[in-house]
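Have a look at the structure below before the remarks.
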Amino acid sequence: MSSMSPTPERPRPSRTAAVIPAAGRGVRLGPGTPKALRALGGTPMLIHAVRAMAASRAVGLVVVVAPPDGAPEVKNLIDAHVLPAHTDYLVVPGGTTRQESVGLGLDALPEDVSVVLVHDAARPLVPVDTVDAVVEAVRGGAPAVVPALPLADTVKEVGQAGPGEPEPVLSTPERARLRAVQTPQGFDRDTLVRAHAEVAVDGEGATDDAGMVERLGSPVVVVPGHEEAFKVTRPLDLVLAEAVLARRRANDGF
C-alpha cells in the first residue's frame with residue numbers, strides 16, 4: 001500500500017476587521033447616556049457605526065470594545081439589530097483610556113486578520129466608499145492610512161496666557177498643508193500591534209492610532225475623507241447628524 005503524501009494546507013485568506021472603541025462616556029454631549037448609546041434617528045449611534053463598518057464587503061469582523069462593566073448590555077443591543085450576513089462581531093470589555101480599549105480590541109482579533117480598521121463610535125455616518133478606500137490603501141501596501149479633509153478654517157497656534165487674558169498668537173500654519181483627520185484609520189495589523197506595544201503615551205493615552213505609528217517611524221498616508229464622517233461630540237453635531245440621516249432616508253427610501 002503506497003503512502004500518500006499529506007496535502008499541504010492552503011493559506012487561509014486574510015481578513016479585515018474593524019475595532020470600535022466605545023467605552024467612553026462622551027462628557028461634552030452632557031450627562032446621562034454614554035455618547036455611543038445616544039439615539040440618532042431612533043437607533044443608538046454605536047449601531048450606526050457598526051453598520052457603517054459592516055457595509056463594506058471587505059470587513060468580515062467588527063470588534064466593539066464596550067465599557068468595562070457594560071459588555072453584556074452592548075452585546076444584547078447589537079443582537080437586537082440586523083447586520084449584513086457577511087459580518088461577524090465580537091464584544092469585549094474595554095479599559096479606562098481609548099488606547100487601552102483599542103489594545104484590548106486588538107488582543108481579541110483572530111489570527112487570520114491582517115488588516116485592522118479603528119473607527120470612532122462617534123462617527124456614525126461615514127460612507128462605505130471612505131471605508132473601502134482606507135482598506136484598499138492598506139491592502140495596497142501602506143502600513144497606516146487615515147481619511148482626512150482639507151481645513152475650511154485658518155488655524156492659529158497660540159501660547160498660554162494668564163486667567164482671563166487673551167492668548168497670544170505664535171504662528172499661522174499654512175492651511176493648504178493641513179488636514180483634519182477622520183476615521184476609520186486603517187493599519188497593517190503587525191504595525192498597529194507593534195505601535196501599541198512599543199509607544200508609551202502619557203496622560204489619557206493616544207487618541208489617534210496613526211500618531212502612534214508615526215512615532216514608530218513607519219509611514220502614514222492620507223486618503224480623501226468625507227464631510228459626512230464628522231464626529232458627533234457636541235449637541236449641535238447631533239442636530240447635523242439627524243439632518244444628514246433624514247436626507248439619506250428620503251433619498252434611499254430606507
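Please note that chains go A, B, ... in the order of the C-alpha cells, that every chain numbers its residues from 1, and that ligands are numbered from 1 in the order shown.
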
Next item on the list: Do a neighbour search on Ala108 in chain A at 9 Å with only C-alpha atoms, toss out local chain neighbours closer than 2 positions, and write the hits as a ChimeraX atom specification.
Entry: /A:63,90,92,103-106,110

Write the residues of the selection above to a file with N, CA and C atoms, as a compact mmCIF listing (two decimals), in the first residue's frame.
# COMPACT_ATOMS: atom_id res chain seq x y z
N VAL A 63 -15.20 44.34 15.95
CA VAL A 63 -14.98 44.15 17.39
C VAL A 63 -15.38 45.43 18.09
N LEU A 90 -17.80 40.75 17.61
CA LEU A 90 -17.43 40.38 18.98
C LEU A 90 -17.61 41.61 19.85
N VAL A 92 -16.06 43.03 23.48
CA VAL A 92 -15.10 42.78 24.56
C VAL A 92 -15.12 43.97 25.51
N GLY A 103 -6.25 48.55 22.42
CA GLY A 103 -5.34 47.42 22.67
C GLY A 103 -6.09 46.14 23.01
N LEU A 104 -7.16 46.26 23.83
CA LEU A 104 -7.96 45.09 24.19
C LEU A 104 -8.72 44.55 22.97
N GLY A 105 -9.15 45.47 22.09
CA GLY A 105 -9.79 45.04 20.84
C GLY A 105 -8.82 44.29 19.95
N LEU A 106 -7.57 44.78 19.88
CA LEU A 106 -6.54 44.09 19.08
C LEU A 106 -6.26 42.70 19.63
N PRO A 110 -8.87 37.38 15.76
CA PRO A 110 -8.38 36.06 15.33
C PRO A 110 -7.10 36.18 14.50

Checklist line | Residue contacts of Ile20 in chain A (9 Å, only C-alpha atoms) excluding same-chain residues fewer than 3 positions away, as JSON, numbers by chain | finding: {"A": [46, 49, 50, 62, 63, 64, 65, 66, 101, 102, 105, 117, 118, 119, 120, 121]}

Contacts of Val232 in chain A within 10 Å, only C-alpha atoms, excl. fewer than 6 positions in-chain, as a JSON list (two decimals) with C-alpha atoms, in the first residue's frame:
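Output contents, as saved in selection01.json:
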[["chain", "number", "residue", "atom", "x", "y", "z"],
["A", 26, "GLY", "CA", -18.85, 61.32, 25.99],
["A", 28, "ARG", "CA", -19.17, 67.01, 26.03],
["A", 29, "LEU", "CA", -22.64, 65.87, 24.99],
["A", 35, "LYS", "CA", -22.26, 59.03, 23.90],
["A", 36, "ALA", "CA", -22.04, 55.85, 21.82],
["A", 45, "MET", "CA", -25.03, 55.86, 17.43],
["A", 120, "ASP", "CA", -14.78, 56.12, 16.37],
["A", 121, "ALA", "CA", -18.26, 55.14, 17.54],
["A", 122, "ALA", "CA", -18.97, 58.88, 17.44],
["A", 123, "ARG", "CA", -18.58, 58.94, 13.61],
["A", 124, "PRO", "CA", -21.81, 57.09, 12.83],
["A", 125, "LEU", "CA", -22.36, 58.29, 9.26],
["A", 238, "LEU", "CA", -26.29, 65.66, 16.87],
["A", 239, "VAL", "CA", -28.64, 68.11, 15.11],
["A", 240, "LEU", "CA", -26.48, 67.94, 11.97],
["A", 241, "ALA", "CA", -26.30, 64.12, 12.13]]

Note to self: For the structure I just gave you, how does DSSP split range 79-246 of chain A - specifically, which residues are strand (DSSP E or B)? Reply as a PyMOL selection string.
What the structure shows: chain A and resi 88-93+113-118+144-150+157-158+169-171+179-181+185-188+221-224

Write the residues of the preceding selection, restricted to N, CA, C and O atoms, as a short mmCIF file (atom, residue, chain, number, x, y, z; two decimals), in the first residue's frame.
data_model
loop_
_atom_site.label_atom_id
_atom_site.label_comp_id
_atom_site.auth_asym_id
_atom_site.auth_seq_id
_atom_site.Cartn_x
_atom_site.Cartn_y
_atom_site.Cartn_z
N ASP A 88 -19.20 39.15 10.97
CA ASP A 88 -19.28 38.65 12.35
C ASP A 88 -18.99 39.81 13.30
O ASP A 88 -18.42 40.82 12.89
N TYR A 89 -19.36 39.63 14.56
CA TYR A 89 -18.95 40.66 15.52
C TYR A 89 -18.64 40.04 16.87
O TYR A 89 -19.09 38.95 17.20
N LEU A 90 -17.80 40.75 17.61
CA LEU A 90 -17.43 40.38 18.98
C LEU A 90 -17.61 41.61 19.85
O LEU A 90 -17.42 42.73 19.39
N VAL A 91 -17.95 41.39 21.11
CA VAL A 91 -17.97 42.49 22.08
C VAL A 91 -17.00 42.12 23.18
O VAL A 91 -17.07 41.02 23.74
N VAL A 92 -16.06 43.03 23.48
CA VAL A 92 -15.10 42.78 24.56
C VAL A 92 -15.12 43.97 25.51
O VAL A 92 -15.37 45.10 25.09
N PRO A 93 -14.87 43.73 26.81
CA PRO A 93 -14.82 44.85 27.75
C PRO A 93 -13.57 45.70 27.53
O PRO A 93 -12.50 45.17 27.20
N VAL A 113 -6.74 37.73 10.73
CA VAL A 113 -6.95 39.15 10.43
C VAL A 113 -5.59 39.82 10.17
O VAL A 113 -4.70 39.75 11.00
N SER A 114 -5.44 40.43 9.00
CA SER A 114 -4.17 41.09 8.68
C SER A 114 -4.32 42.60 8.50
O SER A 114 -3.34 43.33 8.55
N VAL A 115 -5.55 43.06 8.27
CA VAL A 115 -5.81 44.50 8.13
C VAL A 115 -6.79 44.90 9.23
O VAL A 115 -7.81 44.24 9.43
N VAL A 116 -6.45 45.97 9.96
CA VAL A 116 -7.30 46.42 11.07
C VAL A 116 -7.73 47.87 10.83
O VAL A 116 -6.90 48.73 10.56
N LEU A 117 -9.03 48.09 10.93
CA LEU A 117 -9.56 49.46 10.94
C LEU A 117 -9.86 49.83 12.38
O LEU A 117 -10.33 48.99 13.15
N VAL A 118 -9.59 51.07 12.76
CA VAL A 118 -10.01 51.57 14.07
C VAL A 118 -10.95 52.74 13.81
O VAL A 118 -10.59 53.70 13.12
N ALA A 144 -0.12 52.34 7.33
CA ALA A 144 -1.13 53.10 8.07
C ALA A 144 -1.78 54.12 7.12
O ALA A 144 -1.09 54.78 6.35
N VAL A 145 -3.10 54.23 7.22
CA VAL A 145 -3.86 55.08 6.31
C VAL A 145 -4.91 55.85 7.11
O VAL A 145 -5.61 55.26 7.94
N VAL A 146 -5.01 57.15 6.86
CA VAL A 146 -6.05 57.93 7.51
C VAL A 146 -6.87 58.69 6.47
O VAL A 146 -6.31 59.25 5.54
N PRO A 147 -8.21 58.69 6.63
CA PRO A 147 -9.02 59.56 5.78
C PRO A 147 -8.97 60.97 6.35
O PRO A 147 -8.99 61.14 7.58
N ALA A 148 -8.89 61.97 5.52
CA ALA A 148 -8.74 63.34 6.02
C ALA A 148 -9.31 64.34 5.02
O ALA A 148 -9.39 64.06 3.83
N LEU A 149 -9.69 65.50 5.55
CA LEU A 149 -10.24 66.58 4.73
C LEU A 149 -9.39 67.84 4.85
O LEU A 149 -8.83 68.10 5.93
N PRO A 150 -9.32 68.63 3.78
CA PRO A 150 -8.69 69.96 3.90
C PRO A 150 -9.47 70.79 4.93
O PRO A 150 -10.66 70.57 5.15
N GLU A 157 -1.68 78.80 15.93
CA GLU A 157 -1.06 78.20 17.10
C GLU A 157 -0.91 79.31 18.14
O GLU A 157 -0.42 80.39 17.83
N VAL A 158 -1.41 79.05 19.37
CA VAL A 158 -1.38 80.10 20.39
C VAL A 158 -0.55 79.67 21.59
O VAL A 158 -0.33 78.48 21.84
N VAL A 169 -0.94 84.86 19.71
CA VAL A 169 -0.74 84.00 18.54
C VAL A 169 0.76 83.80 18.33
O VAL A 169 1.53 84.76 18.30
N LEU A 170 1.18 82.53 18.22
CA LEU A 170 2.59 82.21 17.99
C LEU A 170 2.90 82.05 16.51
O LEU A 170 3.96 82.43 16.04
N SER A 171 1.96 81.41 15.77
CA SER A 171 2.21 81.20 14.34
C SER A 171 0.90 80.84 13.63
O SER A 171 -0.09 80.49 14.28
N ARG A 179 -4.57 68.96 7.31
CA ARG A 179 -5.74 68.12 7.09
C ARG A 179 -6.42 67.81 8.42
O ARG A 179 -5.74 67.62 9.43
N ALA A 180 -7.73 67.74 8.39
CA ALA A 180 -8.49 67.29 9.56
C ALA A 180 -8.70 65.78 9.41
O ALA A 180 -9.27 65.32 8.42
N VAL A 181 -8.22 65.03 10.38
CA VAL A 181 -8.20 63.57 10.27
C VAL A 181 -9.50 62.96 10.80
O VAL A 181 -10.05 63.41 11.81
N GLN A 185 -9.38 54.73 10.62
CA GLN A 185 -7.98 54.67 10.25
C GLN A 185 -7.64 53.20 10.01
O GLN A 185 -8.16 52.33 10.70
N GLY A 186 -6.83 52.93 9.00
CA GLY A 186 -6.53 51.55 8.62
C GLY A 186 -5.06 51.22 8.82
O GLY A 186 -4.20 52.07 8.61
N PHE A 187 -4.79 49.96 9.20
CA PHE A 187 -3.41 49.57 9.52
C PHE A 187 -3.12 48.14 9.10
O PHE A 187 -4.00 47.26 9.17
N ASP A 188 -1.88 47.93 8.73
CA ASP A 188 -1.35 46.58 8.71
C ASP A 188 -1.34 46.11 10.17
O ASP A 188 -0.85 46.83 11.05
N VAL A 221 -0.12 57.43 5.38
CA VAL A 221 -0.61 58.17 4.21
C VAL A 221 -2.07 58.57 4.41
O VAL A 221 -2.78 58.00 5.24
N VAL A 222 -2.49 59.55 3.62
CA VAL A 222 -3.84 60.10 3.72
C VAL A 222 -4.63 59.75 2.46
O VAL A 222 -4.10 59.81 1.34
N VAL A 223 -5.89 59.35 2.64
CA VAL A 223 -6.84 59.23 1.52
C VAL A 223 -7.96 60.23 1.76
O VAL A 223 -8.15 60.68 2.90
N PRO A 224 -8.72 60.60 0.72
CA PRO A 224 -9.76 61.61 0.93
C PRO A 224 -10.81 61.14 1.94
O PRO A 224 -11.30 60.01 1.85
#
